[in-house]
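Trainee: Input run26.cif, format and content: mmCIF, C-alpha atoms and all ligand atoms.
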```cif
data_final
#
loop_
_atom_site.label_atom_id
_atom_site.label_comp_id
_atom_site.auth_asym_id
_atom_site.auth_seq_id
_atom_site.Cartn_x
_atom_site.Cartn_y
_atom_site.Cartn_z
CA MET A 1 39.00 -3.58 3.55
CA VAL A 2 40.77 -0.27 3.21
CA THR A 3 41.57 1.74 6.33
CA ILE A 4 42.75 5.33 6.83
CA SER A 5 46.48 5.89 7.28
CA ASP A 6 47.73 7.97 10.19
CA GLU A 7 48.94 10.70 7.81
CA VAL A 8 45.48 11.01 6.34
CA LYS A 9 43.92 11.07 9.81
CA THR A 10 46.15 14.04 10.57
CA LEU A 11 45.16 15.72 7.30
CA LEU A 12 41.49 15.23 8.06
CA LYS A 13 41.79 16.84 11.49
CA ASP A 14 42.10 20.32 9.96
CA SER A 15 39.62 19.77 7.15
CA GLY A 16 35.86 19.59 7.04
CA PHE A 17 36.05 15.92 6.11
CA GLN A 18 35.26 12.91 8.22
CA GLU A 19 36.96 9.55 7.90
CA SER A 20 33.60 8.14 6.87
CA ASP A 21 33.43 10.63 3.93
CA VAL A 22 36.78 9.33 2.68
CA LEU A 23 35.81 5.70 3.00
CA GLU A 24 32.60 6.48 1.13
CA VAL A 25 34.58 7.82 -1.84
CA VAL A 26 36.74 4.68 -1.84
CA ASN A 27 33.83 2.28 -1.47
CA ALA A 28 31.84 3.99 -4.23
CA ALA A 29 34.83 3.77 -6.58
CA GLU A 30 35.38 0.11 -5.74
CA ALA A 31 31.70 -0.65 -6.32
CA SER A 32 31.41 1.23 -9.63
CA GLY A 33 34.92 0.68 -10.96
CA ASN A 34 35.16 4.41 -11.71
CA LYS A 35 38.71 5.13 -10.68
CA LEU A 36 42.22 5.48 -12.01
CA LYS A 37 44.92 3.02 -11.09
CA LYS A 38 48.67 3.44 -11.25
CA ALA A 39 50.23 1.55 -14.14
CA ASP A 40 52.41 -0.33 -11.63
CA GLY A 41 49.37 -1.23 -9.54
CA SER A 42 50.65 0.60 -6.47
CA ALA A 43 47.68 2.93 -5.97
CA CYS A 44 44.18 3.91 -7.00
CA LEU A 45 42.69 7.39 -7.34
CA ALA A 46 38.99 7.90 -6.66
CA LYS A 47 36.95 11.08 -6.68
CA ASN A 48 33.62 12.41 -5.57
CA VAL A 49 32.11 15.38 -7.37
CA THR A 50 29.48 17.60 -5.77
CA ASP A 51 28.23 21.03 -6.88
CA ASN A 52 31.00 22.98 -5.22
CA LEU A 53 33.69 20.51 -4.28
CA THR A 54 35.59 17.66 -5.86
CA SER A 55 37.29 15.42 -3.33
CA TYR A 56 39.85 12.71 -4.00
CA ALA A 57 41.24 9.70 -2.20
CA VAL A 58 44.49 7.96 -3.11
CA TYR A 59 44.61 4.45 -1.74
CA ASN A 60 46.27 1.06 -2.05
CA ASP A 61 45.09 -2.41 -1.08
CA SER A 62 45.25 -1.71 2.62
CA GLU A 63 44.92 2.01 3.30
CA VAL A 64 44.07 5.50 2.13
CA VAL A 65 47.37 7.35 1.76
CA ASN A 66 46.26 10.83 0.65
CA VAL A 67 43.14 12.96 0.43
CA TYR A 68 42.61 16.37 -1.16
CA ALA A 69 39.90 18.49 -2.69
CA HIS A 70 39.33 21.47 -4.94
CA GLN A 71 36.43 23.83 -5.43
CA MET A 72 37.09 24.50 -9.10
CA GLN A 73 35.05 22.49 -11.53
CA ALA A 74 37.26 20.59 -13.91
CA GLY A 75 35.70 20.69 -17.35
CA GLU A 76 36.70 19.41 -20.73
CA PRO A 77 40.22 19.65 -22.18
CA ILE A 78 41.24 22.88 -23.88
CA GLY A 79 40.22 22.48 -27.51
CA GLY A 80 37.59 19.90 -26.63
CA TRP A 81 37.54 16.15 -26.30
CA ASP A 82 37.95 15.49 -29.98
CA GLU A 83 40.99 17.65 -30.51
CA ALA A 84 43.88 15.52 -31.68
CA VAL A 85 46.85 16.29 -29.48
CA GLU A 86 50.24 16.08 -31.09
CA SER A 87 52.52 13.83 -29.08
CA PRO A 88 50.14 13.49 -26.14
CA LEU A 89 51.72 12.98 -22.76
CA GLU A 90 50.77 9.75 -21.06
CA SER A 91 50.19 9.89 -17.33
CA GLU A 92 51.22 7.12 -14.95
CA TRP A 93 47.52 6.32 -14.46
CA ILE A 94 45.25 3.87 -16.23
CA CYS A 95 41.48 4.27 -16.39
CA ASN A 96 40.08 1.31 -14.51
CA LYS A 97 36.79 1.51 -16.36
CA CYS A 98 38.05 1.14 -19.93
CA GLY A 99 41.70 0.16 -19.52
CA GLU A 100 43.05 3.10 -21.54
CA THR A 101 46.09 5.03 -20.37
CA ALA A 102 44.98 8.36 -18.94
CA MET A 103 46.62 11.42 -20.52
CA ASN A 104 48.04 14.66 -19.17
CA ARG A 105 45.90 17.45 -20.62
CA ASN A 106 45.11 21.02 -19.77
CA VAL A 107 41.43 21.37 -19.00
CA ASN A 108 39.02 24.23 -18.33
CA MET A 109 38.88 24.91 -14.61
CA SER A 110 35.87 26.97 -13.66
CA PHE A 111 35.43 28.81 -10.39
CA MET A 112 32.99 31.58 -9.51
CA GLY A 113 32.12 32.23 -13.13
CA MET A 114 35.73 32.40 -14.33
CA THR A 115 37.54 29.80 -16.35
CA ARG A 116 41.26 29.12 -16.61
CA ALA A 117 43.38 26.36 -18.05
CA GLY A 118 44.78 23.91 -15.55
CA PRO A 119 46.64 20.58 -15.70
CA ALA A 120 44.66 17.40 -15.24
CA ILE A 121 44.67 13.67 -15.93
CA VAL A 122 41.95 12.64 -18.35
CA CYS A 123 40.56 9.45 -19.82
CA GLU A 124 39.76 10.52 -23.33
CA LYS A 125 37.58 7.49 -23.89
CA CYS A 126 35.36 7.91 -20.81
CA LYS A 127 35.68 11.71 -20.93
CA ASP A 128 36.60 11.71 -17.28
CA VAL A 129 38.84 14.28 -15.59
CA TYR A 130 40.97 13.86 -12.47
CA VAL A 131 43.26 16.33 -10.76
CA GLU A 132 46.38 15.07 -9.02
CA ALA A 133 47.40 16.04 -5.51
CA ASP A 134 50.37 18.20 -6.52
CA MET A 135 48.16 20.15 -8.93
CA VAL A 136 45.68 21.02 -6.22
CA LYS A 137 48.10 23.32 -4.44
CA THR A 138 48.18 25.47 -7.58
CA LEU A 139 44.42 25.30 -7.85
CA ALA A 140 43.95 26.29 -4.24
CA VAL A 141 46.06 29.39 -4.89
CA ALA A 142 44.05 30.20 -8.01
CA GLU A 143 40.83 29.72 -6.08
CA SER A 144 41.87 32.20 -3.43
CA ILE A 145 43.03 34.77 -5.99
CA LEU A 146 39.84 34.46 -8.02
CA GLY A 147 37.80 34.57 -4.84
CA GLU A 148 39.46 37.80 -3.72
CA LYS A 149 38.95 39.46 -7.10
CA ARG A 150 35.32 38.56 -6.96
CA ALA A 151 34.78 39.73 -3.40
ZN ZN A 201 38.26 5.30 -19.42
#
```
Is it possible to give me this structure as structure tokens?
Mentor:
Amino acid sequence: MVTISDEVKTLLKDSGFQESDVLEVVNAAEASGNKLKKADGSACLAKNVTDNLTSYAVYNDSEVVNVYAHQMQAGEPIGGWDEAVESPLESEWICNKCGETAMNRNVNMSFMGMTRAGPAIVCEKCKDVYVEADMVKTLAVAESILGEKRA
């Protein structure tokens, strides 16, 4: 049973998320097997996609160690799924569903009708896209800039 670390509890205080929301993301990923896991087995990354928000939980065997979210919709890699990438960059994540190493790719990030390229971790076999915590800071900035332009 995974619990919520104190750091994450602090993070959640200022967000619109409840601890139960986070545990739901983790439990759904554990039930379906749709998640990424670190190659060294130290952590898993699960996500929940709704119309206007994608939320993530990073967790290990005992607790959730990070949570984050972005409003942008992460679409397919630039050039499409079938584009052969020269010397593709392997991420430190493995797709739990198919066992393939997830790759670092730039994908189409859409927000309020605008699309930009942004870094993501993708499983090319399952055509699944994840965004890592340190990328979200950049996305959050882009979201606010795009939002202001639009307003
Ligand atoms: Zn996969």
Trainee: One number please: CA of Lys125 in chain A to CA of Ala102 in chain A, in Å, one decimal.
Mentor: 8.9 Å
Trainee: Show me, as a count of residues only, the residues that have an atom within 12 Å of Asn34 in chain A when counting only C-alpha atoms, minus same-chain residues fewer than 6 positions from it.
Mentor: 21
Trainee: Using all atoms listed in the file for the distances, tell me which of A:Ser42, A:Asn106, A:Ser20, A:Ser5 is nearest to Met135 in chain A.
Mentor: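 Of A:Ser42, A:Asn106, A:Ser20, A:Ser5, the one nearest Met135 in chain A, counting all atoms listed in the file, is A:Asn106.
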Trainee: Just give me the gap between CA of Ala43 in chain A and CA of Asp61 in chain A in Å, one decimal is fine.
Mentor: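 For CA of Ala43 in chain A relative to CA of Asp61 in chain A, the distance reads 7.7 Å.
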Trainee: Compile the contact shell of Ala117 in chain A as a list in words: residues with an atom at most 8 Å away, counting all atoms listed in the file, same-chain residues fewer than 4 positions apart removed.
Mentor: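 In the requested format, the answer is Ile78, Asn106, Val107, Asn108 and Met109 of chain A.
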Trainee: Calculated over all atoms listed in the file, which of the candidates A:Ala31, A:Val122, A:Val8, A:Ala140 has the smallest distance to ligand ZN 201 (chain A)?
Mentor: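 Among the listed residues, A:Val122 lies closest to ligand ZN 201 (chain A).
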Trainee: Looking at A:Glu24, A:Glu76, A:Asp82, A:Glu124, which one is nearest to Thr101 in chain A, with distances taken over all atoms listed in the file?
Mentor: A:Glu124
Trainee: Nearest to ligand ZN 201 (chain A) among A:Val58, A:Ile121, A:Met72, A:Val22, with distances taken over all atoms listed in the file: which residue is it?
Mentor: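 Looking at the shortest contact to ligand ZN 201 (chain A), the residue is A:Ile121.
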Trainee: Could you check which of A:Tyr68, A:Tyr59, A:Phe17, A:Trp93 is closest to ligand ZN 201 (chain A), using all atoms listed in the file?
Mentor: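 Using all atoms listed in the file, the shortest distance to ligand ZN 201 (chain A) belongs to A:Trp93.
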Trainee: Pick out the closest residue to ligand ZN 201 (chain A) from this set: A:Leu36, A:Leu23, A:Ala133, A:Val65. Count all atoms listed in the file.
Mentor: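 That would be A:Leu36, the residue with the smallest distance to ligand ZN 201 (chain A).
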Trainee: Provide the CA of Lys9 in chain A to CA of Ala74 in chain A distance in Å, to one decimal place.
Mentor: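 Computing it gives 26.4 Å between the two atoms.
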Trainee: Name the residues in contact with range 87-89 of chain A at a cut-off of 9 Å, using all atoms listed in the file, excluding same-chain residues fewer than 2 positions from it; report them as a ChimeraX atom specification.
Mentor: /A:84-85,91,103-105
Trainee: For range 23-57 of chain A, supply N, CA and C atoms and report the output as an mmCIF file, keeping the file's coordinate frame.
Mentor:
```
data_model
loop_
_atom_site.group_PDB
_atom_site.id
_atom_site.type_symbol
_atom_site.label_atom_id
_atom_site.label_comp_id
_atom_site.auth_asym_id
_atom_site.auth_seq_id
_atom_site.Cartn_x
_atom_site.Cartn_y
_atom_site.Cartn_z
ATOM 1 N N LEU A 23 36.089 7.113 3.276
ATOM 2 C CA LEU A 23 35.810 5.700 3.000
ATOM 3 C C LEU A 23 34.651 5.553 2.019
ATOM 4 N N GLU A 24 33.726 6.511 2.062
ATOM 5 C CA GLU A 24 32.600 6.480 1.130
ATOM 6 C C GLU A 24 33.079 6.666 -0.306
ATOM 7 N N VAL A 25 34.023 7.587 -0.496
ATOM 8 C CA VAL A 25 34.580 7.820 -1.840
ATOM 9 C C VAL A 25 35.251 6.544 -2.348
ATOM 10 N N VAL A 26 36.027 5.915 -1.468
ATOM 11 C CA VAL A 26 36.740 4.680 -1.840
ATOM 12 C C VAL A 26 35.748 3.562 -2.151
ATOM 13 N N ASN A 27 34.783 3.376 -1.282
ATOM 14 C CA ASN A 27 33.830 2.280 -1.470
ATOM 15 C C ASN A 27 32.996 2.469 -2.735
ATOM 16 N N ALA A 28 32.619 3.723 -3.020
ATOM 17 C CA ALA A 28 31.840 3.990 -4.230
ATOM 18 C C ALA A 28 32.666 3.676 -5.472
ATOM 19 N N ALA A 29 33.946 4.027 -5.437
ATOM 20 C CA ALA A 29 34.830 3.770 -6.580
ATOM 21 C C ALA A 29 35.038 2.263 -6.771
ATOM 22 N N GLU A 30 35.181 1.566 -5.663
ATOM 23 C CA GLU A 30 35.380 0.110 -5.740
ATOM 24 C C GLU A 30 34.123 -0.569 -6.284
ATOM 25 N N ALA A 31 32.966 -0.055 -5.890
ATOM 26 C CA ALA A 31 31.700 -0.650 -6.320
ATOM 27 C C ALA A 31 31.442 -0.378 -7.803
ATOM 28 N N SER A 32 31.739 0.841 -8.250
ATOM 29 C CA SER A 32 31.410 1.230 -9.630
ATOM 30 C C SER A 32 32.543 0.929 -10.604
ATOM 31 N N GLY A 33 33.760 0.845 -10.089
ATOM 32 C CA GLY A 33 34.920 0.680 -10.960
ATOM 33 C C GLY A 33 35.399 1.980 -11.558
ATOM 34 N N ASN A 34 34.752 3.092 -11.206
ATOM 35 C CA ASN A 34 35.160 4.410 -11.710
ATOM 36 C C ASN A 34 36.323 4.947 -10.893
ATOM 37 N N LYS A 35 37.516 4.667 -11.369
ATOM 38 C CA LYS A 35 38.710 5.130 -10.680
ATOM 39 C C LYS A 35 39.880 5.030 -11.647
ATOM 40 N N LEU A 36 40.972 5.668 -11.269
ATOM 41 C CA LEU A 36 42.220 5.480 -12.010
ATOM 42 C C LEU A 36 43.095 4.567 -11.178
ATOM 43 N N LYS A 37 43.941 3.785 -11.855
ATOM 44 C CA LYS A 37 44.920 3.020 -11.090
ATOM 45 C C LYS A 37 46.305 3.244 -11.697
ATOM 46 N N LYS A 38 47.285 3.269 -10.814
ATOM 47 C CA LYS A 38 48.670 3.440 -11.250
ATOM 48 C C LYS A 38 49.051 2.284 -12.156
ATOM 49 N N ALA A 39 49.832 2.587 -13.191
ATOM 50 C CA ALA A 39 50.230 1.550 -14.140
ATOM 51 C C ALA A 39 50.953 0.400 -13.432
ATOM 52 N N ASP A 40 51.684 0.719 -12.360
ATOM 53 C CA ASP A 40 52.410 -0.330 -11.630
ATOM 54 C C ASP A 40 51.556 -0.999 -10.550
ATOM 55 N N GLY A 41 50.285 -0.592 -10.478
ATOM 56 C CA GLY A 41 49.370 -1.230 -9.540
ATOM 57 C C GLY A 41 49.527 -0.792 -8.095
ATOM 58 N N SER A 42 50.346 0.233 -7.851
ATOM 59 C CA SER A 42 50.650 0.600 -6.470
ATOM 60 C C SER A 42 49.565 1.438 -5.793
ATOM 61 N N ALA A 43 48.691 2.059 -6.578
ATOM 62 C CA ALA A 43 47.680 2.930 -5.970
ATOM 63 C C ALA A 43 46.487 3.128 -6.876
ATOM 64 N N CYS A 44 45.392 3.532 -6.260
ATOM 65 C CA CYS A 44 44.180 3.910 -7.000
ATOM 66 C C CYS A 44 43.839 5.346 -6.642
ATOM 67 N N LEU A 45 43.138 6.019 -7.572
ATOM 68 C CA LEU A 45 42.690 7.390 -7.340
ATOM 69 C C LEU A 45 41.187 7.435 -7.592
ATOM 70 N N ALA A 46 40.448 7.818 -6.551
ATOM 71 C CA ALA A 46 38.990 7.900 -6.660
ATOM 72 C C ALA A 46 38.557 9.320 -6.380
ATOM 73 N N LYS A 47 37.422 9.715 -6.935
ATOM 74 C CA LYS A 47 36.950 11.080 -6.680
ATOM 75 C C LYS A 47 35.464 11.094 -6.433
ATOM 76 N N ASN A 48 35.036 12.170 -5.792
ATOM 77 C CA ASN A 48 33.620 12.410 -5.570
ATOM 78 C C ASN A 48 33.325 13.851 -5.945
ATOM 79 N N VAL A 49 32.409 14.034 -6.887
ATOM 80 C CA VAL A 49 32.110 15.380 -7.370
ATOM 81 C C VAL A 49 30.767 15.843 -6.837
ATOM 82 N N THR A 50 30.747 16.973 -6.143
ATOM 83 C CA THR A 50 29.480 17.600 -5.770
ATOM 84 C C THR A 50 29.446 18.976 -6.434
ATOM 85 N N ASP A 51 28.400 19.741 -6.204
ATOM 86 C CA ASP A 51 28.230 21.030 -6.880
ATOM 87 C C ASP A 51 29.426 21.967 -6.678
ATOM 88 N N ASN A 52 29.962 21.990 -5.468
ATOM 89 C CA ASN A 52 31.000 22.980 -5.220
ATOM 90 C C ASN A 52 32.313 22.405 -4.715
ATOM 91 N N LEU A 53 32.443 21.096 -4.744
ATOM 92 C CA LEU A 53 33.690 20.510 -4.280
ATOM 93 C C LEU A 53 33.936 19.158 -4.955
ATOM 94 N N THR A 54 35.189 18.970 -5.359
ATOM 95 C CA THR A 54 35.590 17.660 -5.860
ATOM 96 C C THR A 54 36.626 17.128 -4.883
ATOM 97 N N SER A 55 36.340 15.982 -4.283
ATOM 98 C CA SER A 55 37.290 15.420 -3.330
ATOM 99 C C SER A 55 37.863 14.119 -3.867
ATOM 100 N N TYR A 56 39.108 13.861 -3.486
ATOM 101 C CA TYR A 56 39.850 12.710 -4.000
ATOM 102 C C TYR A 56 40.417 11.880 -2.869
ATOM 103 N N ALA A 57 40.549 10.601 -3.131
ATOM 104 C CA ALA A 57 41.240 9.700 -2.200
ATOM 105 C C ALA A 57 42.239 8.875 -3.004
#
```
